[in-house]
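Peer 1: Dropping in structure06.cif, with mmCIF, C-alpha atoms.
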data_model
#
loop_
_atom_site.label_atom_id
_atom_site.label_comp_id
_atom_site.auth_asym_id
_atom_site.auth_seq_id
_atom_site.Cartn_x
_atom_site.Cartn_y
_atom_site.Cartn_z
CA MET D 1 9.57 6.08 -36.86
CA LEU D 2 10.46 4.64 -33.46
CA VAL D 3 13.95 6.15 -33.41
CA LEU D 4 12.98 9.48 -31.83
CA PRO D 5 10.73 8.04 -29.06
CA THR D 6 13.46 5.51 -28.26
CA LEU D 7 16.12 8.22 -28.07
CA ILE D 8 13.89 10.34 -25.84
CA LEU D 9 13.30 7.40 -23.49
CA LEU D 10 17.01 6.55 -23.38
CA SER D 11 17.85 10.20 -22.77
CA TYR D 12 15.45 10.28 -19.84
CA CYS D 13 17.12 7.15 -18.41
CA VAL D 14 20.57 8.70 -18.76
CA GLY D 15 19.30 11.82 -17.02
CA SER D 16 17.94 9.66 -14.22
CA ILE D 17 21.45 8.55 -13.21
CA SER D 18 22.38 10.62 -10.15
CA SER D 19 26.02 11.67 -10.11
CA ALA D 20 25.72 12.98 -6.55
CA ILE D 21 24.39 9.70 -5.17
CA ILE D 22 26.87 7.52 -7.08
CA ILE D 23 29.89 9.64 -6.13
CA SER D 24 28.82 9.83 -2.50
CA LYS D 25 28.51 6.04 -2.35
CA MET D 26 31.91 5.61 -3.99
CA LEU D 27 33.44 7.83 -1.31
CA GLY D 28 31.60 6.08 1.51
CA LEU D 29 29.56 9.18 2.32
CA SER D 30 25.90 9.62 3.23
CA ASP D 31 23.20 9.84 0.61
CA PRO D 32 23.09 13.54 -0.36
CA ARG D 33 19.31 13.43 -0.10
CA ASP D 34 19.67 12.80 3.64
CA VAL D 35 22.17 15.53 4.56
CA GLY D 36 22.60 19.26 4.10
CA SER D 37 19.92 20.73 1.86
CA GLY D 38 18.72 17.29 0.80
CA ASN D 39 19.39 18.13 -2.83
CA PRO D 40 21.41 15.58 -4.86
CA GLY D 41 23.44 18.23 -6.62
CA ALA D 42 26.92 19.73 -6.71
CA THR D 43 26.27 22.60 -4.28
CA ASN D 44 25.04 20.29 -1.55
CA VAL D 45 27.88 17.83 -2.20
CA LEU D 46 30.35 20.71 -1.89
CA ARG D 47 29.07 21.48 1.59
CA PHE D 48 29.49 18.01 3.04
CA ALA D 49 32.04 16.29 0.77
CA GLY D 50 34.37 19.00 -0.54
CA LYS D 51 35.44 20.52 -3.83
CA LYS D 52 36.64 17.39 -5.65
CA ALA D 53 33.42 15.48 -5.04
CA ALA D 54 31.37 18.55 -5.99
CA ALA D 55 33.34 19.04 -9.21
CA ALA D 56 32.86 15.38 -10.14
CA THR D 57 29.13 15.70 -9.45
CA LEU D 58 28.87 18.85 -11.54
CA LEU D 59 30.70 17.27 -14.44
CA GLY D 60 28.66 14.08 -14.27
CA ASP D 61 25.35 15.94 -14.23
CA ALA D 62 26.41 18.14 -17.16
CA VAL D 63 27.60 15.18 -19.24
CA LYS D 64 24.14 13.62 -18.85
CA GLY D 65 22.78 16.48 -20.92
CA VAL D 66 25.54 16.30 -23.52
CA ILE D 67 25.79 12.61 -24.41
CA PRO D 68 22.19 11.94 -25.57
CA ILE D 69 22.25 14.98 -27.85
CA LEU D 70 25.60 14.10 -29.39
CA ILE D 71 24.44 10.54 -30.07
CA ALA D 72 21.18 11.76 -31.58
CA ARG D 73 23.01 14.25 -33.78
CA GLU D 74 25.26 11.47 -35.07
CA LEU D 75 22.11 9.53 -35.97
CA GLY D 76 20.87 12.43 -38.06
CA VAL D 77 18.38 13.95 -35.62
CA GLU D 78 17.94 17.70 -36.04
CA ALA D 79 16.22 20.53 -34.15
CA PRO D 80 13.67 20.73 -32.61
CA ALA D 81 13.88 17.00 -31.92
CA LEU D 82 17.40 17.44 -30.55
CA THR D 83 16.08 19.90 -27.99
CA ALA D 84 13.33 17.47 -27.01
CA ILE D 85 15.99 14.82 -26.37
CA GLY D 86 17.88 17.28 -24.18
CA VAL D 87 14.71 18.11 -22.26
CA ALA D 88 14.20 14.39 -21.63
CA ALA D 89 17.63 14.17 -19.95
CA PHE D 90 16.79 17.28 -17.93
CA VAL D 91 13.47 15.79 -16.80
CA GLY D 92 15.28 12.58 -15.88
CA HIS D 93 17.54 14.54 -13.54
CA LEU D 94 14.56 16.23 -11.88
CA PHE D 95 12.48 13.04 -11.65
CA PRO D 96 14.87 10.05 -11.81
CA VAL D 97 13.15 6.73 -12.30
CA PHE D 98 16.03 4.97 -10.51
CA TYR D 99 15.69 7.00 -7.29
CA GLY D 100 11.97 7.22 -6.61
CA PHE D 101 11.60 10.31 -8.83
CA ARG D 102 13.42 12.37 -6.19
CA GLY D 103 16.05 14.27 -8.11
CA GLY D 104 18.03 17.47 -8.22
CA LYS D 105 17.30 20.98 -9.36
CA GLY D 106 18.58 20.57 -12.90
CA VAL D 107 21.07 23.39 -13.34
CA ALA D 108 24.14 21.33 -14.31
CA THR D 109 22.15 19.13 -16.69
CA PHE D 110 20.59 22.26 -18.18
CA VAL D 111 24.10 23.59 -18.81
CA GLY D 112 25.08 20.32 -20.49
CA VAL D 113 22.03 20.46 -22.73
CA SER D 114 22.78 24.09 -23.59
CA LEU D 115 26.40 23.34 -24.47
CA ALA D 116 25.44 20.40 -26.68
CA LEU D 117 22.73 22.30 -28.55
CA ASN D 118 24.66 25.54 -29.04
CA LEU D 119 28.14 25.94 -27.58
CA TRP D 120 27.75 29.70 -27.27
CA THR D 121 24.46 29.44 -25.40
CA GLY D 122 26.09 27.14 -22.86
CA LEU D 123 29.22 29.26 -22.54
CA SER D 124 27.09 32.39 -22.07
CA PHE D 125 25.27 30.66 -19.20
CA ILE D 126 28.56 29.66 -17.56
CA ALA D 127 30.05 33.14 -17.96
CA LEU D 128 26.99 34.83 -16.46
CA TRP D 129 26.85 32.31 -13.60
CA LEU D 130 30.53 32.85 -12.79
CA LEU D 131 30.12 36.64 -12.85
CA VAL D 132 27.12 36.69 -10.52
CA ALA D 133 28.59 34.03 -8.23
CA ALA D 134 31.91 35.89 -7.97
CA VAL D 135 30.19 39.16 -7.09
CA LEU D 136 27.32 38.01 -4.88
CA ARG D 137 28.58 34.58 -3.67
CA TYR D 138 25.17 32.92 -3.98
CA SER D 139 25.15 29.81 -6.17
CA SER D 140 21.37 29.70 -6.37
CA LEU D 141 21.01 33.36 -7.35
CA ALA D 142 23.71 33.00 -9.99
CA ALA D 143 21.93 29.96 -11.40
CA LEU D 144 18.56 31.71 -11.43
CA ILE D 145 19.87 34.82 -13.20
CA ALA D 146 21.78 32.80 -15.80
CA THR D 147 18.78 30.51 -16.30
CA ALA D 148 16.40 33.41 -16.77
CA ALA D 149 18.66 34.87 -19.44
CA SER D 150 19.13 31.61 -21.35
CA PRO D 151 15.97 31.68 -23.53
CA ALA D 152 16.77 35.24 -24.66
CA ILE D 153 20.39 34.27 -25.34
CA ALA D 154 19.26 31.25 -27.35
CA TRP D 155 16.95 33.48 -29.41
CA VAL D 156 19.67 36.08 -30.05
CA LEU D 157 22.03 33.31 -31.16
CA GLY D 158 19.54 32.15 -33.76
CA GLU D 159 18.05 29.04 -32.15
CA PRO D 160 14.65 28.08 -33.65
CA LEU D 161 11.58 29.30 -31.75
CA SER D 162 10.73 25.73 -30.77
CA ALA D 163 14.12 25.40 -29.07
CA VAL D 164 13.73 28.79 -27.38
CA ALA D 165 10.33 27.66 -26.05
CA LEU D 166 11.84 24.47 -24.63
CA PHE D 167 14.64 26.49 -23.05
CA ALA D 168 11.96 28.64 -21.43
CA LEU D 169 10.18 25.49 -20.21
CA MET D 170 13.37 24.16 -18.59
CA SER D 171 14.07 27.58 -17.11
CA SER D 172 10.61 27.63 -15.52
CA ALA D 173 11.23 24.18 -14.05
CA ILE D 174 14.53 25.34 -12.53
CA PHE D 175 12.81 28.32 -10.92
CA TRP D 176 10.14 25.98 -9.55
CA ARG D 177 12.76 23.66 -8.08
CA HIS D 178 14.48 26.66 -6.48
CA THR D 179 11.36 27.90 -4.67
CA GLY D 180 12.97 27.24 -1.30
CA ASN D 181 16.15 29.04 -2.33
CA ILE D 182 14.16 32.04 -3.54
CA LYS D 183 12.37 32.24 -0.19
CA ASN D 184 15.69 32.01 1.64
CA LEU D 185 17.21 34.71 -0.57
CA LEU D 186 14.33 37.06 0.14
CA ALA D 187 14.57 36.32 3.86
CA GLY D 188 18.35 36.70 3.94
CA LYS D 189 18.81 33.06 4.97
CA GLU D 190 20.37 31.60 1.83
CA LYS D 191 23.80 30.02 2.32
CA LYS D 192 26.69 31.50 0.39
CA ILE D 193 29.10 29.46 -1.73
CA GLY D 194 31.34 27.36 0.49
CA GLN D 195 29.28 27.99 3.62
CA LYS D 196 28.57 24.73 5.41
CA ASP D 197 25.36 23.92 7.26
CA SER D 198 24.48 20.31 7.96
CA THR D 199 21.11 21.27 9.41
CA GLU D 200 19.74 23.01 6.36
CA ALA D 201 16.25 21.89 5.46
CA PRO D 202 15.56 20.44 2.00
CA ALA D 203 14.63 23.15 -0.52
#
What is this structure when it is put down as structure tokens?
Peer 2:
Amino acid sequence: MLVLPTLILLSYCVGSISSAIIISKMLGLSDPRDVGSGNPGATNVLRFAGKKAAAATLLGDAVKGVIPILIARELGVEAPALTAIGVAAFVGHLFPVFYGFRGGKGVATFVGVSLALNLWTGLSFIALWLLVAAVLRYSSLAALIATAASPAIAWVLGEPLSAVALFALMSSAIFWRHTGNIKNLLAGKEKKIGQKDSTEAPA
């Protein structure tokens, strides 16, 4: 009976590991929370550390959402408990216990969770993000559009309603964490992909 609570706690701890902070330290760079947008995520790392560091950050944050679900599935856990374990990793990224609960915006970990729960849901998110990003060149807008579509995609692909509801919950959290980006988009101040600005205020 304690297996599920234990897995949820462990998933939260895995999610609390910040790829951006660890990679920045390994490269001898500043804490990503103290430069650029102040967000410990791949987009901010791209602006001050380059493509390789950003790609490593993106991969690390996505894997955090994948590993707990794969382990739980091997232990016989099924939906909707699997989704709850994924949400725990997502929450860990947003509010990491190891870094004073000051985390990222959750997009990469959300993608990892989506891929682990239903490969096609995750791939649909990635495809939509790439399309919007290629056309409009705004990472945040691409993430918001793909995120908003994810619950509907999960439902169309046959995910249980409980999983769809948790997808919607994570999507709402991502929109909340992107409040600053939304304001910048509406004001025409949002930075485009690859555009550097070391004075950008934390979102």
Peer 1: Starting from the displayed file, determine the output of the PyMOL selection byres ((chain D and resi 138-154) around 10) and express the residue list as a PyMOL selection string.
Peer 2: chain D and resi 43+107-108+110-111+114+117-118+120-122+124-137+155-161+163-172+174-175+178+181-182+185+190-195
Peer 1: Deliver the residues from the most recent selection as a file, using C-alpha atoms, as a JSON list (two decimals), keeping the file's coordinate frame.
Peer 2:
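Result file selection-v1.json:
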[["chain", "number", "residue", "atom", "x", "y", "z"],
["D", 43, "THR", "CA", 26.27, 22.60, -4.28],
["D", 107, "VAL", "CA", 21.07, 23.39, -13.34],
["D", 108, "ALA", "CA", 24.14, 21.33, -14.31],
["D", 110, "PHE", "CA", 20.59, 22.26, -18.18],
["D", 111, "VAL", "CA", 24.10, 23.59, -18.81],
["D", 114, "SER", "CA", 22.78, 24.09, -23.59],
["D", 117, "LEU", "CA", 22.73, 22.30, -28.55],
["D", 118, "ASN", "CA", 24.66, 25.54, -29.04],
["D", 120, "TRP", "CA", 27.75, 29.70, -27.27],
["D", 121, "THR", "CA", 24.46, 29.44, -25.40],
["D", 122, "GLY", "CA", 26.09, 27.14, -22.86],
["D", 124, "SER", "CA", 27.09, 32.39, -22.07],
["D", 125, "PHE", "CA", 25.27, 30.66, -19.20],
["D", 126, "ILE", "CA", 28.56, 29.66, -17.56],
["D", 127, "ALA", "CA", 30.05, 33.14, -17.96],
["D", 128, "LEU", "CA", 26.99, 34.83, -16.46],
["D", 129, "TRP", "CA", 26.85, 32.31, -13.60],
["D", 130, "LEU", "CA", 30.53, 32.85, -12.79],
["D", 131, "LEU", "CA", 30.12, 36.64, -12.85],
["D", 132, "VAL", "CA", 27.12, 36.69, -10.52],
["D", 133, "ALA", "CA", 28.59, 34.03, -8.23],
["D", 134, "ALA", "CA", 31.91, 35.89, -7.97],
["D", 135, "VAL", "CA", 30.19, 39.16, -7.09],
["D", 136, "LEU", "CA", 27.32, 38.01, -4.88],
["D", 137, "ARG", "CA", 28.58, 34.58, -3.67],
["D", 155, "TRP", "CA", 16.95, 33.48, -29.41],
["D", 156, "VAL", "CA", 19.67, 36.08, -30.05],
["D", 157, "LEU", "CA", 22.03, 33.31, -31.16],
["D", 158, "GLY", "CA", 19.54, 32.15, -33.76],
["D", 159, "GLU", "CA", 18.05, 29.04, -32.15],
["D", 160, "PRO", "CA", 14.65, 28.08, -33.65],
["D", 161, "LEU", "CA", 11.58, 29.30, -31.75],
["D", 163, "ALA", "CA", 14.12, 25.40, -29.07],
["D", 164, "VAL", "CA", 13.73, 28.79, -27.38],
["D", 165, "ALA", "CA", 10.33, 27.66, -26.05],
["D", 166, "LEU", "CA", 11.84, 24.47, -24.63],
["D", 167, "PHE", "CA", 14.64, 26.49, -23.05],
["D", 168, "ALA", "CA", 11.96, 28.64, -21.43],
["D", 169, "LEU", "CA", 10.18, 25.49, -20.21],
["D", 170, "MET", "CA", 13.37, 24.16, -18.59],
["D", 171, "SER", "CA", 14.07, 27.58, -17.11],
["D", 172, "SER", "CA", 10.61, 27.63, -15.52],
["D", 174, "ILE", "CA", 14.53, 25.34, -12.53],
["D", 175, "PHE", "CA", 12.81, 28.32, -10.92],
["D", 178, "HIS", "CA", 14.48, 26.66, -6.48],
["D", 181, "ASN", "CA", 16.15, 29.04, -2.33],
["D", 182, "ILE", "CA", 14.16, 32.04, -3.54],
["D", 185, "LEU", "CA", 17.21, 34.71, -0.57],
["D", 190, "GLU", "CA", 20.37, 31.60, 1.83],
["D", 191, "LYS", "CA", 23.80, 30.02, 2.32],
["D", 192, "LYS", "CA", 26.69, 31.50, 0.39],
["D", 193, "ILE", "CA", 29.10, 29.46, -1.73],
["D", 194, "GLY", "CA", 31.34, 27.36, 0.49],
["D", 195, "GLN", "CA", 29.28, 27.99, 3.62]]
Peer 1: Take the point (17.8, 20.5, -37.2) as written in the file and pick out every residue within 12 Å of it, counting all atoms listed in the file; give the list as a PDB file with C-alpha atoms, keeping the file's coordinate frame.
Peer 2:
ATOM      1  CA  ILE D  69      22.250  14.980 -27.850  1.00  0.00           C
ATOM      2  CA  ALA D  72      21.180  11.760 -31.580  1.00  0.00           C
ATOM      3  CA  ARG D  73      23.010  14.250 -33.780  1.00  0.00           C
ATOM      4  CA  GLU D  74      25.260  11.470 -35.070  1.00  0.00           C
ATOM      5  CA  LEU D  75      22.110   9.530 -35.970  1.00  0.00           C
ATOM      6  CA  GLY D  76      20.870  12.430 -38.060  1.00  0.00           C
ATOM      7  CA  VAL D  77      18.380  13.950 -35.620  1.00  0.00           C
ATOM      8  CA  GLU D  78      17.940  17.700 -36.040  1.00  0.00           C
ATOM      9  CA  ALA D  79      16.220  20.530 -34.150  1.00  0.00           C
ATOM     10  CA  PRO D  80      13.670  20.730 -32.610  1.00  0.00           C
ATOM     11  CA  ALA D  81      13.880  17.000 -31.920  1.00  0.00           C
ATOM     12  CA  LEU D  82      17.400  17.440 -30.550  1.00  0.00           C
ATOM     13  CA  THR D  83      16.080  19.900 -27.990  1.00  0.00           C
ATOM     14  CA  ALA D  84      13.330  17.470 -27.010  1.00  0.00           C
ATOM     15  CA  LEU D 117      22.730  22.300 -28.550  1.00  0.00           C
ATOM     16  CA  ASN D 118      24.660  25.540 -29.040  1.00  0.00           C
ATOM     17  CA  GLU D 159      18.050  29.040 -32.150  1.00  0.00           C
ATOM     18  CA  PRO D 160      14.650  28.080 -33.650  1.00  0.00           C
ATOM     19  CA  SER D 162      10.730  25.730 -30.770  1.00  0.00           C
ATOM     20  CA  ALA D 163      14.120  25.400 -29.070  1.00  0.00           C
TER      21      ALA D 163
END
Peer 1: So what do you get for atom CA of D:Gly65 versus atom CA of D:Gly180, distance-wise?
Peer 2: 24.4 Å
Peer 1: Have a look at D:Cys13, D:Val113, D:Ala54, D:Val3 and name the one nearest to D:Val66; count all atoms listed in the file.
Peer 2: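 Once distances to D:Val66 are computed over all atoms listed in the file, the minimum belongs to D:Val113.
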Peer 1: Could you check the closest approach to D:Asp34 for each of D:Lys64, D:His93, D:Arg102, D:Lys52 and tell me which residue wins, using all atoms listed in the file?
Peer 2: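 Closest to D:Asp34, using all atoms listed in the file: D:Arg102.
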Peer 1: Just how far from atom CA of D:Asn184 is atom CA of D:Leu115, in Å to one decimal?
Peer 2: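 For atom CA of D:Leu115 relative to atom CA of D:Asn184, the distance reads 29.5 Å.
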Peer 1: Apply the PyMOL selection byres ((chain D and resi 18-20) around 7) to the structure shown and report the selected residues as a list in words.
Peer 2: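 Written out, the selection comes to Ser16, Ile17, Ile21, Ile22, Ile23, Ser24, Pro32, Pro40, Gly41, Ala42, Val45, Thr57, Gly60 and Asp61 of chain D.
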Peer 1: Find the distance between atom CA of D:Ile8 and atom CA of D:Gly38 and write it in Å to one decimal.
Peer 2: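 Between atom CA of D:Ile8 and atom CA of D:Gly38 the gap works out to 28.0 Å.
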Peer 1: Evaluated on this file, the PyMOL selection byres ((chain D and resi 12) around 7) picks out some residues - which ones are they, written as a list of chain:residue names?
Peer 2: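 Checked against the file, the PyMOL selection byres ((chain D and resi 12) around 7) matches D:Ile8, D:Leu9, D:Leu10, D:Ser11, D:Cys13, D:Val14, D:Gly15, D:Ser16, D:Ala88, D:Ala89, D:Val91, D:Gly92.
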